[in-house]
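What's in model33.pdb: PDB, C-alpha atoms
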```
MODEL        1
ATOM      1  CA  MET A   1      48.154 -11.442 -62.622
ATOM      2  CA  SER A   2      50.606  -8.578 -62.888
ATOM      3  CA  ASP A   3      52.445  -7.072 -59.924
ATOM      4  CA  PHE A   4      50.289  -3.950 -60.222
ATOM      5  CA  GLU A   5      47.068  -5.994 -60.019
ATOM      6  CA  THR A   6      48.421  -7.953 -57.041
ATOM      7  CA  VAL A   7      49.219  -4.770 -55.099
ATOM      8  CA  ALA A   8      45.805  -3.291 -55.959
ATOM      9  CA  ALA A   9      43.998  -6.450 -54.774
ATOM     10  CA  THR A  10      45.969  -6.401 -51.518
ATOM     11  CA  GLU A  11      45.096  -2.754 -50.894
ATOM     12  CA  ASN A  12      41.412  -3.451 -51.563
ATOM     13  CA  GLN A  13      41.409  -6.325 -49.073
ATOM     14  CA  ALA A  14      43.111  -4.132 -46.470
ATOM     15  CA  ALA A  15      40.561  -1.390 -47.062
ATOM     16  CA  ARG A  16      37.679  -3.843 -46.629
ATOM     17  CA  ARG A  17      39.211  -5.102 -43.391
ATOM     18  CA  GLY A  18      39.532  -1.553 -42.127
ATOM     19  CA  VAL A  19      35.857  -0.849 -42.788
ATOM     20  CA  SER A  20      34.632  -4.086 -41.232
ATOM     21  CA  GLY A  21      36.844  -3.715 -38.132
ATOM     22  CA  GLU A  22      38.623  -7.035 -38.642
ATOM     23  CA  PRO A  23      42.181  -7.631 -37.444
ATOM     24  CA  GLY A  24      44.730  -5.627 -39.357
ATOM     25  CA  THR A  25      42.654  -2.444 -39.343
ATOM     26  CA  PRO A  26      44.871   0.619 -39.690
ATOM     27  CA  ALA A  27      45.056   2.742 -36.549
ATOM     28  CA  ALA A  28      43.605   5.732 -38.382
ATOM     29  CA  ALA A  29      40.538   3.711 -39.415
ATOM     30  CA  GLN A  30      39.788   2.504 -35.895
ATOM     31  CA  LYS A  31      37.464   4.580 -33.766
ATOM     32  CA  PRO A  32      39.143   5.361 -30.415
ATOM     33  CA  ARG A  33      37.316   4.147 -27.308
ATOM     34  CA  SER A  34      37.119   5.932 -23.973
ATOM     35  CA  LEU A  35      37.709   4.337 -20.578
ATOM     36  CA  ALA A  36      33.961   4.261 -19.998
ATOM     37  CA  GLY A  37      33.465   2.578 -23.382
ATOM     38  CA  ASP A  38      36.043  -0.091 -22.598
ATOM     39  CA  ALA A  39      34.510  -0.624 -19.147
ATOM     40  CA  TRP A  40      31.009  -1.016 -20.586
ATOM     41  CA  ARG A  41      32.306  -3.512 -23.142
ATOM     42  CA  ASP A  42      33.846  -5.578 -20.335
ATOM     43  CA  LEU A  43      30.722  -5.324 -18.193
ATOM     44  CA  ARG A  44      28.496  -6.576 -21.000
ATOM     45  CA  ARG A  45      30.599  -9.727 -21.194
ATOM     46  CA  ASN A  46      30.585 -10.317 -17.427
ATOM     47  CA  PRO A  47      27.744 -12.622 -16.254
ATOM     48  CA  ILE A  48      28.338 -11.605 -12.632
ATOM     49  CA  PHE A  49      27.468  -8.027 -13.565
ATOM     50  CA  TRP A  50      24.141  -9.024 -15.121
ATOM     51  CA  VAL A  51      23.187 -11.351 -12.255
ATOM     52  CA  SER A  52      23.978  -8.748  -9.593
ATOM     53  CA  LEU A  53      22.333  -5.944 -11.576
ATOM     54  CA  THR A  54      19.167  -8.035 -11.971
ATOM     55  CA  LEU A  55      19.033  -8.656  -8.227
ATOM     56  CA  VAL A  56      19.599  -4.972  -7.458
ATOM     57  CA  VAL A  57      16.833  -3.923  -9.863
ATOM     58  CA  LEU A  58      14.452  -6.455  -8.303
ATOM     59  CA  VAL A  59      15.169  -5.220  -4.782
ATOM     60  CA  ALA A  60      14.793  -1.593  -5.875
ATOM     61  CA  ALA A  61      11.440  -2.384  -7.524
ATOM     62  CA  MET A  62      10.390  -4.281  -4.411
ATOM     63  CA  ALA A  63      11.214  -1.269  -2.242
ATOM     64  CA  ALA A  64       9.508   1.216  -4.559
ATOM     65  CA  VAL A  65       6.361  -0.770  -5.447
ATOM     66  CA  PRO A  66       5.985  -3.710  -3.037
ATOM     67  CA  SER A  67       2.383  -4.316  -4.179
ATOM     68  CA  LEU A  68       3.809  -5.709  -7.441
ATOM     69  CA  PHE A  69       5.311  -8.630  -5.516
ATOM     70  CA  THR A  70       2.571  -9.401  -2.997
ATOM     71  CA  ALA A  71      -1.103  -8.556  -2.615
ATOM     72  CA  ASN A  72      -1.145  -9.232   1.134
ATOM     73  CA  ASP A  73      -0.897  -6.551   3.804
ATOM     74  CA  PRO A  74       2.146  -7.143   6.051
ATOM     75  CA  ARG A  75       0.307  -5.531   8.965
ATOM     76  CA  ASP A  76      -2.736  -7.793   8.627
ATOM     77  CA  CYS A  77      -1.924 -10.067  11.546
ATOM     78  CA  VAL A  78      -4.325 -12.620  13.035
ATOM     79  CA  LEU A  79      -3.165 -14.690  16.015
ATOM     80  CA  SER A  80      -5.265 -17.649  14.923
ATOM     81  CA  ARG A  81      -2.864 -18.028  11.964
ATOM     82  CA  GLN A  82       0.191 -18.161  14.228
ATOM     83  CA  HIS A  83       2.930 -20.275  12.593
ATOM     84  CA  ALA A  84       0.404 -21.554  10.038
ATOM     85  CA  GLY A  85       1.666 -22.987   6.768
ATOM     86  CA  PRO A  86       1.391 -21.461   3.277
ATOM     87  CA  SER A  87      -2.120 -20.336   2.336
ATOM     88  CA  GLY A  88      -3.947 -17.410   0.755
ATOM     89  CA  GLY A  89      -0.925 -15.985  -1.043
ATOM     90  CA  ALA A  90       1.355 -16.364   1.972
ATOM     91  CA  ILE A  91       3.835 -18.599   0.172
ATOM     92  CA  PHE A  92       6.085 -18.942   3.242
ATOM     93  CA  GLY A  93       3.340 -19.136   5.849
ATOM     94  CA  TYR A  94       2.831 -16.897   8.869
ATOM     95  CA  ASP A  95       4.978 -15.756  11.790
ATOM     96  CA  PHE A  96       4.301 -15.819  15.545
ATOM     97  CA  GLN A  97       1.872 -12.885  15.251
ATOM     98  CA  GLY A  98      -0.011 -14.377  12.327
ATOM     99  CA  CYS A  99       1.545 -11.973   9.788
ATOM    100  CA  ASP A 100       2.431 -12.996   6.236
ATOM    101  CA  THR A 101       6.161 -13.779   6.375
ATOM    102  CA  TYR A 102       6.736 -13.176   2.668
ATOM    103  CA  ALA A 103       4.790  -9.878   2.646
ATOM    104  CA  ARG A 104       6.833  -8.576   5.569
ATOM    105  CA  ALA A 105      10.061  -9.512   3.805
ATOM    106  CA  VAL A 106       8.924  -7.683   0.647
ATOM    107  CA  TYR A 107       7.879  -4.542   2.515
ATOM    108  CA  GLY A 108      11.026  -4.691   4.661
ATOM    109  CA  ALA A 109      13.130  -3.953   1.586
ATOM    110  CA  ARG A 110      11.999  -0.308   1.604
ATOM    111  CA  ALA A 111      13.456   0.682   4.970
ATOM    112  CA  SER A 112      16.653  -1.313   4.482
ATOM    113  CA  LEU A 113      17.318   0.003   0.982
ATOM    114  CA  LEU A 114      16.414   3.569   1.976
ATOM    115  CA  VAL A 115      18.927   3.504   4.816
ATOM    116  CA  GLY A 116      21.613   2.007   2.583
ATOM    117  CA  ALA A 117      21.059   4.374  -0.349
ATOM    118  CA  LEU A 118      20.863   7.597   1.692
ATOM    119  CA  SER A 119      23.821   6.584   3.847
ATOM    120  CA  ALA A 120      25.874   5.929   0.700
ATOM    121  CA  LEU A 121      24.750   9.261  -0.799
ATOM    122  CA  PHE A 122      25.738  11.326   2.244
ATOM    123  CA  THR A 123      28.920   9.303   2.625
ATOM    124  CA  GLY A 124      29.806  10.078  -0.985
ATOM    125  CA  LEU A 125      29.250  13.813  -0.509
ATOM    126  CA  ILE A 126      31.485  13.925   2.570
ATOM    127  CA  ALA A 127      34.143  11.773   0.897
ATOM    128  CA  LEU A 128      34.189  13.911  -2.264
ATOM    129  CA  VAL A 129      34.594  17.162  -0.351
ATOM    130  CA  VAL A 130      37.263  15.890   2.043
ATOM    131  CA  GLY A 131      39.124  13.793  -0.534
ATOM    132  CA  MET A 132      39.210  16.535  -3.172
ATOM    133  CA  LEU A 133      40.385  19.212  -0.738
ATOM    134  CA  ALA A 134      43.102  16.954   0.703
ATOM    135  CA  GLY A 135      44.297  15.669  -2.658
ATOM    136  CA  TYR A 136      44.201  18.943  -4.585
ATOM    137  CA  PHE A 137      45.661  21.441  -2.104
ATOM    138  CA  GLY A 138      48.055  19.055  -0.353
ATOM    139  CA  ARG A 139      50.504  20.400   2.252
ATOM    140  CA  TRP A 140      48.925  21.342   5.586
ATOM    141  CA  VAL A 141      45.378  20.847   4.245
ATOM    142  CA  ASP A 142      46.207  17.263   3.305
ATOM    143  CA  ALA A 143      48.015  16.704   6.605
ATOM    144  CA  VAL A 144      45.079  17.902   8.722
ATOM    145  CA  LEU A 145      42.358  16.102   6.726
ATOM    146  CA  SER A 146      44.398  12.899   6.526
ATOM    147  CA  ARG A 147      44.700  12.865  10.313
ATOM    148  CA  VAL A 148      40.940  13.371  10.592
ATOM    149  CA  ILE A 149      40.422  10.425   8.242
ATOM    150  CA  ASP A 150      42.768   8.270  10.331
ATOM    151  CA  ILE A 151      40.952   9.172  13.555
ATOM    152  CA  VAL A 152      37.493   8.390  12.171
ATOM    153  CA  LEU A 153      38.808   5.248  10.485
ATOM    154  CA  GLY A 154      40.037   3.987  13.853
ATOM    155  CA  ILE A 155      36.536   4.136  15.360
ATOM    156  CA  PRO A 156      34.653   0.801  15.054
ATOM    157  CA  LEU A 157      31.538   1.603  13.029
ATOM    158  CA  LEU A 158      29.044  -0.697  14.749
ATOM    159  CA  LEU A 159      30.330   0.001  18.260
ATOM    160  CA  ALA A 160      30.206   3.769  17.743
ATOM    161  CA  ALA A 161      26.787   3.506  16.095
ATOM    162  CA  ILE A 162      25.442   1.581  19.105
ATOM    163  CA  VAL A 163      26.817   4.200  21.514
ATOM    164  CA  LEU A 164      25.405   7.130  19.527
ATOM    165  CA  LEU A 165      22.014   5.589  18.769
ATOM    166  CA  LYS A 166      21.578   4.678  22.432
ATOM    167  CA  ARG A 167      21.154   8.412  22.992
ATOM    168  CA  VAL A 168      18.175   8.546  20.608
ATOM    169  CA  SER A 169      15.207   7.978  22.886
ATOM    170  CA  THR A 170      12.403   9.044  20.545
ATOM    171  CA  SER A 171       9.939   6.474  19.222
ATOM    172  CA  SER A 172       9.262   8.403  15.990
ATOM    173  CA  ASP A 173       9.890   6.170  12.984
ATOM    174  CA  ASN A 174      11.214   8.972  10.781
ATOM    175  CA  VAL A 175      13.530  10.366  13.453
ATOM    176  CA  ARG A 176      15.062   6.970  14.146
ATOM    177  CA  LEU A 177      15.390   6.298  10.411
ATOM    178  CA  PHE A 178      17.344   9.488   9.772
ATOM    179  CA  ALA A 179      19.339   9.009  12.985
ATOM    180  CA  VAL A 180      20.581   5.657  11.654
ATOM    181  CA  ILE A 181      21.367   7.228   8.253
ATOM    182  CA  PHE A 182      23.233  10.133   9.882
ATOM    183  CA  VAL A 183      25.338   7.902  12.126
ATOM    184  CA  LEU A 184      26.293   5.503   9.320
ATOM    185  CA  ALA A 185      27.199   8.396   7.004
ATOM    186  CA  VAL A 186      29.296  10.218   9.606
ATOM    187  CA  LEU A 187      31.227   7.066  10.506
ATOM    188  CA  GLY A 188      31.489   5.399   7.095
ATOM    189  CA  TRP A 189      32.993   7.978   4.713
ATOM    190  CA  THR A 190      36.696   7.417   5.369
ATOM    191  CA  THR A 191      37.453   4.641   2.863
ATOM    192  CA  ALA A 192      35.764   6.517   0.018
ATOM    193  CA  ALA A 193      37.599   9.714   0.999
ATOM    194  CA  ARG A 194      40.956   7.941   0.748
ATOM    195  CA  VAL A 195      40.078   6.619  -2.702
ATOM    196  CA  VAL A 196      38.991  10.091  -3.871
ATOM    197  CA  ARG A 197      42.162  11.652  -2.449
ATOM    198  CA  SER A 198      44.369   9.187  -4.340
ATOM    199  CA  SER A 199      42.452   9.809  -7.595
ATOM    200  CA  VAL A 200      42.739  13.576  -7.195
ATOM    201  CA  ILE A 201      46.497  13.407  -6.531
ATOM    202  CA  THR A 202      46.915  11.408  -9.740
ATOM    203  CA  ALA A 203      44.595  13.610 -11.816
ATOM    204  CA  LYS A 204      46.071  16.964 -10.801
ATOM    205  CA  GLU A 205      49.453  15.951 -12.255
ATOM    206  CA  GLN A 206      48.001  15.346 -15.720
ATOM    207  CA  ASP A 207      48.791  17.599 -18.677
ATOM    208  CA  TYR A 208      45.211  18.772 -19.197
ATOM    209  CA  VAL A 209      45.129  20.174 -15.652
ATOM    210  CA  ALA A 210      48.406  22.028 -16.254
ATOM    211  CA  ALA A 211      47.014  23.366 -19.543
ATOM    212  CA  ALA A 212      43.833  24.581 -17.829
ATOM    213  CA  ARG A 213      45.902  26.306 -15.151
ATOM    214  CA  MET A 214      48.062  28.017 -17.816
ATOM    215  CA  LEU A 215      44.907  29.276 -19.540
ATOM    216  CA  GLY A 216      43.905  31.039 -16.329
ATOM    217  CA  ALA A 217      41.385  28.600 -14.866
ATOM    218  CA  GLY A 218      40.931  28.978 -11.116
ATOM    219  CA  ASN A 219      41.071  26.229  -8.527
ATOM    220  CA  GLY A 220      37.298  25.941  -8.361
ATOM    221  CA  ARG A 221      36.912  25.498 -12.121
ATOM    222  CA  ILE A 222      39.766  22.998 -12.324
ATOM    223  CA  MET A 223      38.364  20.927  -9.472
ATOM    224  CA  TRP A 224      34.812  20.991 -10.858
ATOM    225  CA  ARG A 225      35.499  20.529 -14.578
ATOM    226  CA  HIS A 226      38.675  18.448 -14.654
ATOM    227  CA  ILE A 227      39.338  16.784 -11.291
ATOM    228  CA  LEU A 228      35.828  15.760 -10.208
ATOM    229  CA  PRO A 229      34.975  13.616 -13.294
ATOM    230  CA  ASN A 230      38.139  11.577 -12.720
ATOM    231  CA  ALA A 231      37.408  11.115  -9.018
ATOM    232  CA  LEU A 232      33.793  10.000  -9.485
ATOM    233  CA  ALA A 233      34.387   6.592 -11.078
ATOM    234  CA  PRO A 234      36.474   5.038  -8.258
ATOM    235  CA  ALA A 235      34.222   6.685  -5.648
ATOM    236  CA  ILE A 236      31.103   5.154  -7.205
ATOM    237  CA  VAL A 237      32.706   1.711  -7.095
ATOM    238  CA  VAL A 238      33.548   2.049  -3.394
ATOM    239  CA  LEU A 239      30.108   3.455  -2.541
ATOM    240  CA  THR A 240      28.336   0.641  -4.390
ATOM    241  CA  ILE A 241      30.107  -1.892  -2.206
ATOM    242  CA  ALA A 242      29.557   0.303   0.875
ATOM    243  CA  LEU A 243      25.819   0.434   0.162
ATOM    244  CA  GLY A 244      25.568  -3.286   0.778
ATOM    245  CA  SER A 245      27.576  -2.880   3.978
ATOM    246  CA  PHE A 246      25.243  -0.119   5.181
ATOM    247  CA  ILE A 247      22.210  -2.341   4.586
ATOM    248  CA  ALA A 248      23.855  -5.071   6.654
ATOM    249  CA  ALA A 249      24.764  -2.528   9.359
ATOM    250  CA  GLU A 250      21.168  -1.270   9.566
ATOM    251  CA  ALA A 251      19.889  -4.835   9.902
ATOM    252  CA  THR A 252      22.435  -5.508  12.646
ATOM    253  CA  LEU A 253      21.464  -2.380  14.580
ATOM    254  CA  SER A 254      17.753  -3.155  14.231
ATOM    255  CA  PHE A 255      18.405  -6.757  15.281
ATOM    256  CA  LEU A 256      20.064  -5.458  18.446
ATOM    257  CA  GLY A 257      17.131  -3.129  19.129
ATOM    258  CA  ILE A 258      19.290  -0.019  18.594
ATOM    259  CA  GLY A 259      18.284   1.002  15.079
ATOM    260  CA  LEU A 260      14.778   0.904  13.663
ATOM    261  CA  LYS A 261      11.982  -0.302  15.889
ATOM    262  CA  ALA A 262       8.509  -1.765  15.404
ATOM    263  CA  PRO A 263       6.030  -0.928  13.924
ATOM    264  CA  THR A 264       8.602  -0.130  11.199
ATOM    265  CA  ILE A 265       9.031  -3.163   8.952
ATOM    266  CA  SER A 266      12.688  -4.042   8.547
ATOM    267  CA  TRP A 267      14.633  -7.197   7.833
ATOM    268  CA  GLY A 268      16.665  -6.749  11.018
ATOM    269  CA  ILE A 269      13.527  -6.452  13.160
ATOM    270  CA  ASP A 270      11.988  -9.551  11.579
ATOM    271  CA  ILE A 271      15.214 -11.539  11.981
ATOM    272  CA  ASP A 272      15.247 -10.686  15.676
ATOM    273  CA  ALA A 273      11.596 -11.721  16.081
ATOM    274  CA  GLY A 274      12.200 -14.910  14.091
ATOM    275  CA  ARG A 275      15.175 -15.780  16.296
ATOM    276  CA  VAL A 276      13.062 -15.621  19.442
ATOM    277  CA  HIS A 277      10.427 -17.986  18.021
ATOM    278  CA  MET A 278      12.749 -20.168  15.967
ATOM    279  CA  ARG A 279      11.755 -23.370  17.795
ATOM    280  CA  GLU A 280       8.132 -22.984  16.750
ATOM    281  CA  SER A 281       8.982 -22.198  13.108
ATOM    282  CA  ALA A 282      12.259 -21.395  11.360
ATOM    283  CA  THR A 283      10.680 -19.840   8.249
ATOM    284  CA  PRO A 284      10.133 -16.330   9.748
ATOM    285  CA  LEU A 285      13.879 -16.279  10.489
ATOM    286  CA  VAL A 286      15.130 -17.800   7.235
ATOM    287  CA  VAL A 287      13.072 -15.677   4.798
ATOM    288  CA  PRO A 288      14.193 -12.158   5.867
ATOM    289  CA  SER A 289      17.735 -13.484   6.382
ATOM    290  CA  ALA A 290      17.779 -14.776   2.788
ATOM    291  CA  PHE A 291      16.438 -11.453   1.447
ATOM    292  CA  LEU A 292      19.116  -9.574   3.388
ATOM    293  CA  ALA A 293      21.958 -11.878   2.340
ATOM    294  CA  LEU A 294      21.031 -11.789  -1.361
ATOM    295  CA  THR A 295      20.697  -7.997  -1.360
ATOM    296  CA  VAL A 296      24.041  -7.394   0.333
ATOM    297  CA  LEU A 297      25.711  -9.958  -1.930
ATOM    298  CA  ALA A 298      24.190  -8.335  -5.026
ATOM    299  CA  PHE A 299      25.607  -4.892  -4.202
ATOM    300  CA  ILE A 300      29.035  -6.275  -3.338
ATOM    301  CA  MET A 301      29.152  -8.317  -6.565
ATOM    302  CA  LEU A 302      28.008  -5.305  -8.589
ATOM    303  CA  GLY A 303      30.690  -3.120  -7.042
ATOM    304  CA  ASP A 304      33.366  -5.736  -7.681
ATOM    305  CA  ALA A 305      32.308  -6.079 -11.324
ATOM    306  CA  ILE A 306      32.400  -2.314 -11.880
ATOM    307  CA  ARG A 307      35.771  -2.054 -10.138
ATOM    308  CA  ASP A 308      37.279  -4.771 -12.330
ATOM    309  CA  ALA A 309      35.922  -3.084 -15.469
ATOM    310  CA  PHE A 310      37.335   0.343 -14.596
ATOM    311  CA  ASP A 311      40.720  -0.903 -13.340
ATOM    312  CA  PRO A 312      43.254  -0.624 -16.209
ATOM    313  CA  LYS A 313      45.660  -2.951 -14.372
ATOM    314  CA  LEU A 314      43.238  -5.847 -14.876
ATOM    315  CA  ARG A 315      43.010  -5.407 -18.656
TER     316      ARG A 315
ENDMDL
END
```

Would you mind writing the file's structure down as structure tokens?
Amino acid sequence: MSDFETVAATENQAARRGVSGEPGTPAAAQKPRSLAGDAWRDLRRNPIFWVSLTLVVLVAAMAAVPSLFTANDPRDCVLSRQHAGPSGGAIFGYDFQGCDTYARAVYGARASLLVGALSALFTGLIALVVGMLAGYFGRWVDAVLSRVIDIVLGIPLLLAAIVLLKRVSTSSDNVRLFAVIFVLAVLGWTTAARVVRSSVITAKEQDYVAAARMLGAGNGRIMWRHILPNALAPAIVVLTIALGSFIAAEATLSFLGIGLKAPTISWGIDIDAGRVHMRESATPLVVPSAFLALTVLAFIMLGDAIRDAFDPKLR
């Protein structure tokens, strides 16, 4: 084979490798990937992400359509079935009031997940506003808002929530539900705000922000179009983990008799009732506790997986 034929064969092999995406592909032939694309590629390969996502989807479906998971009515309580064993679809038996333990755990997901999701949503809104204002404008704005963050951060969440919710004397289910959401959101936004502030400080120094400012874009447009997209990713990671913490906080408050109250069905309420009658039967205590633990663990694992995927330092 002549030198010319050898060079031609080598070029053809290189071209085929470039098309197929094998090692040795020229940089011009490779399609550039975004940060989101790289993160999704890492998430697809992470079994923890799929396990936690599956659990989260199951809990969300349980909260939205509980009848898919049980045909029994959680409020159908007959004292003659008190602490009876599994029967009639009650796979974990009955509690001290003769209610289906499993059905109550399924229906309890709605209140717990609603509190966690809405608390995380309102927390995210407060954190985005405070963090973006502090990080973008800096100077005295940053100094004042940072001191506010430090003050709120120094308040113990559960202790303050107990003190504030003690003042709520109404027995209305909806009022108590939104009181718990409001208190958790007002007290739990500080960590997310700090993360948003740090992201904004980093983003506002980038060249594309300077270019937008030179083209005449105002502060509002720069913050909305250029700063906000960069601050959302780390905020979503923090709020995903916080959602699990809010669910645990709601269960703790309900367990203490400060948060939600009967006849609302909640894991915290059932755990408290199961604790009182634990000597007669441990199942009414173990079942809602297991549902709560798995749900909180699922959200924390999901947040950790997303954080690892979006953190360039871990690549």

Expand the PyMOL selection byres ((chain A and resi 66) around 10) into the individual residues it matches in the shown file, reporting them as a PyMOL selection string. chain A and resi 59-65+67-72+103-110

I'd like a table as CSV: residues in region 35-135 of chain A with an atom no more than 7 Å from region 139-152 of chain A, each row giving the shortest atom pair and its distance in Å to one decimal, only C-alpha atoms counted, sorted by chain and rising residue number.
```
residue,atom,partner,partner_atom,distance
A:Val130,CA,A:Leu145,CA,6.9
A:Ala134,CA,A:Asp142,CA,4.1
A:Gly135,CA,A:Asp142,CA,6.5
```

Keeping only C-alpha atoms, take the residues you just selected and write them out as a PDB file, in the frame of the given file.
```pdb
ATOM      1  CA  VAL A 130      37.263  15.890   2.043  1.00  0.00           C
ATOM      2  CA  ALA A 134      43.102  16.954   0.703  1.00  0.00           C
ATOM      3  CA  GLY A 135      44.297  15.669  -2.658  1.00  0.00           C
TER       4      GLY A 135
END
```

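Here CA of Ile300 (chain A) stands at a distance of 22.8 Å from CA of Gly154 (chain A).
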
Check what the PyMOL selection byres ((chain A and resi 256) around 9) selects in the file above and give those residues as a PDB file with C-alpha atoms, in the frame of the given file.
```pdb
ATOM      1  CA  ILE A 162      25.442   1.581  19.105  1.00  0.00           C
ATOM      2  CA  ALA A 251      19.889  -4.835   9.902  1.00  0.00           C
ATOM      3  CA  THR A 252      22.435  -5.508  12.646  1.00  0.00           C
ATOM      4  CA  LEU A 253      21.464  -2.380  14.580  1.00  0.00           C
ATOM      5  CA  SER A 254      17.753  -3.155  14.231  1.00  0.00           C
ATOM      6  CA  PHE A 255      18.405  -6.757  15.281  1.00  0.00           C
ATOM      7  CA  GLY A 257      17.131  -3.129  19.129  1.00  0.00           C
ATOM      8  CA  ILE A 258      19.290  -0.019  18.594  1.00  0.00           C
ATOM      9  CA  GLY A 259      18.284   1.002  15.079  1.00  0.00           C
ATOM     10  CA  GLY A 268      16.665  -6.749  11.018  1.00  0.00           C
ATOM     11  CA  ILE A 269      13.527  -6.452  13.160  1.00  0.00           C
ATOM     12  CA  ASP A 272      15.247 -10.686  15.676  1.00  0.00           C
TER      13      ASP A 272
END
```

Taking the file as shown, what set of residues would the PyMOL selection byres ((chain A and resi 85) around 12) give back, as an NGL selection string? :A and (80-84 or 86-96 or 98-102 or 280-284)

Straight-line distance linking CA of Val115 (chain A) with CA of Asn230 (chain A), stated in Å to one decimal: 27.2 Å

Between A:Gln97, A:Ser198, A:Thr123, A:Ser169, smallest distance to Thr240 (chain A) by all atoms listed in the file belongs to A:Thr123

How many Å separate CA of Thr190 (chain A) from CA of Leu153 (chain A)?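 Interatomic distance, CA of Thr190 (chain A) to CA of Leu153 (chain A): 5.9 Å.
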
For Lys204 (chain A), please output as an mmCIF file with C-alpha atoms, in the frame of the given file all residues within 10 Å (counting all atoms listed in the file; exclusion window: fewer than 4 positions along the same chain).
```cif
data_model
loop_
_atom_site.group_PDB
_atom_site.id
_atom_site.type_symbol
_atom_site.label_atom_id
_atom_site.label_comp_id
_atom_site.auth_asym_id
_atom_site.auth_seq_id
_atom_site.Cartn_x
_atom_site.Cartn_y
_atom_site.Cartn_z
ATOM 1 C CA GLY A 135 44.297 15.669 -2.658
ATOM 2 C CA TYR A 136 44.201 18.943 -4.585
ATOM 3 C CA PHE A 137 45.661 21.441 -2.104
ATOM 4 C CA SER A 199 42.452 9.809 -7.595
ATOM 5 C CA VAL A 200 42.739 13.576 -7.195
ATOM 6 C CA TYR A 208 45.211 18.772 -19.197
ATOM 7 C CA VAL A 209 45.129 20.174 -15.652
ATOM 8 C CA ALA A 210 48.406 22.028 -16.254
ATOM 9 C CA ILE A 222 39.766 22.998 -12.324
ATOM 10 C CA MET A 223 38.364 20.927 -9.472
ATOM 11 C CA HIS A 226 38.675 18.448 -14.654
ATOM 12 C CA ILE A 227 39.338 16.784 -11.291
ATOM 13 C CA ASN A 230 38.139 11.577 -12.720
#
```

Box time for region 255-273 of chain A: axis-aligned, enclosing all its listed atoms, 5 Å extra on each side; report centre and edge lengths in Å to one decimal, as lines of an AutoDock Vina configuration file.
```
center_x = 13.0
center_y = -5.4
center_z = 13.5
size_x = 24.0
size_y = 22.7
size_z = 21.3
```

Within 7 Å of Gly116 (chain A) using only C-alpha atoms, minus same-chain residues under 2 positions, as a VMD selection string: chain A and resid 112 to 114 118 to 120 243 to 244 246 to 247

Residue contacts of Ala298 (chain A) (8 Å, all atoms listed in the file) excluding same-chain residues fewer than 4 positions away, as a VMD selection string: chain A and resid 51 to 53 55 to 56 244 294 302

Measuring atom to atom with all atoms listed in the file, identify which of A:Ala193, A:Ala262, A:Ala249, A:Leu177 is nearest to Leu159 (chain A).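 Counting all atoms listed in the file, the residue closest to Leu159 (chain A) is A:Ala249.
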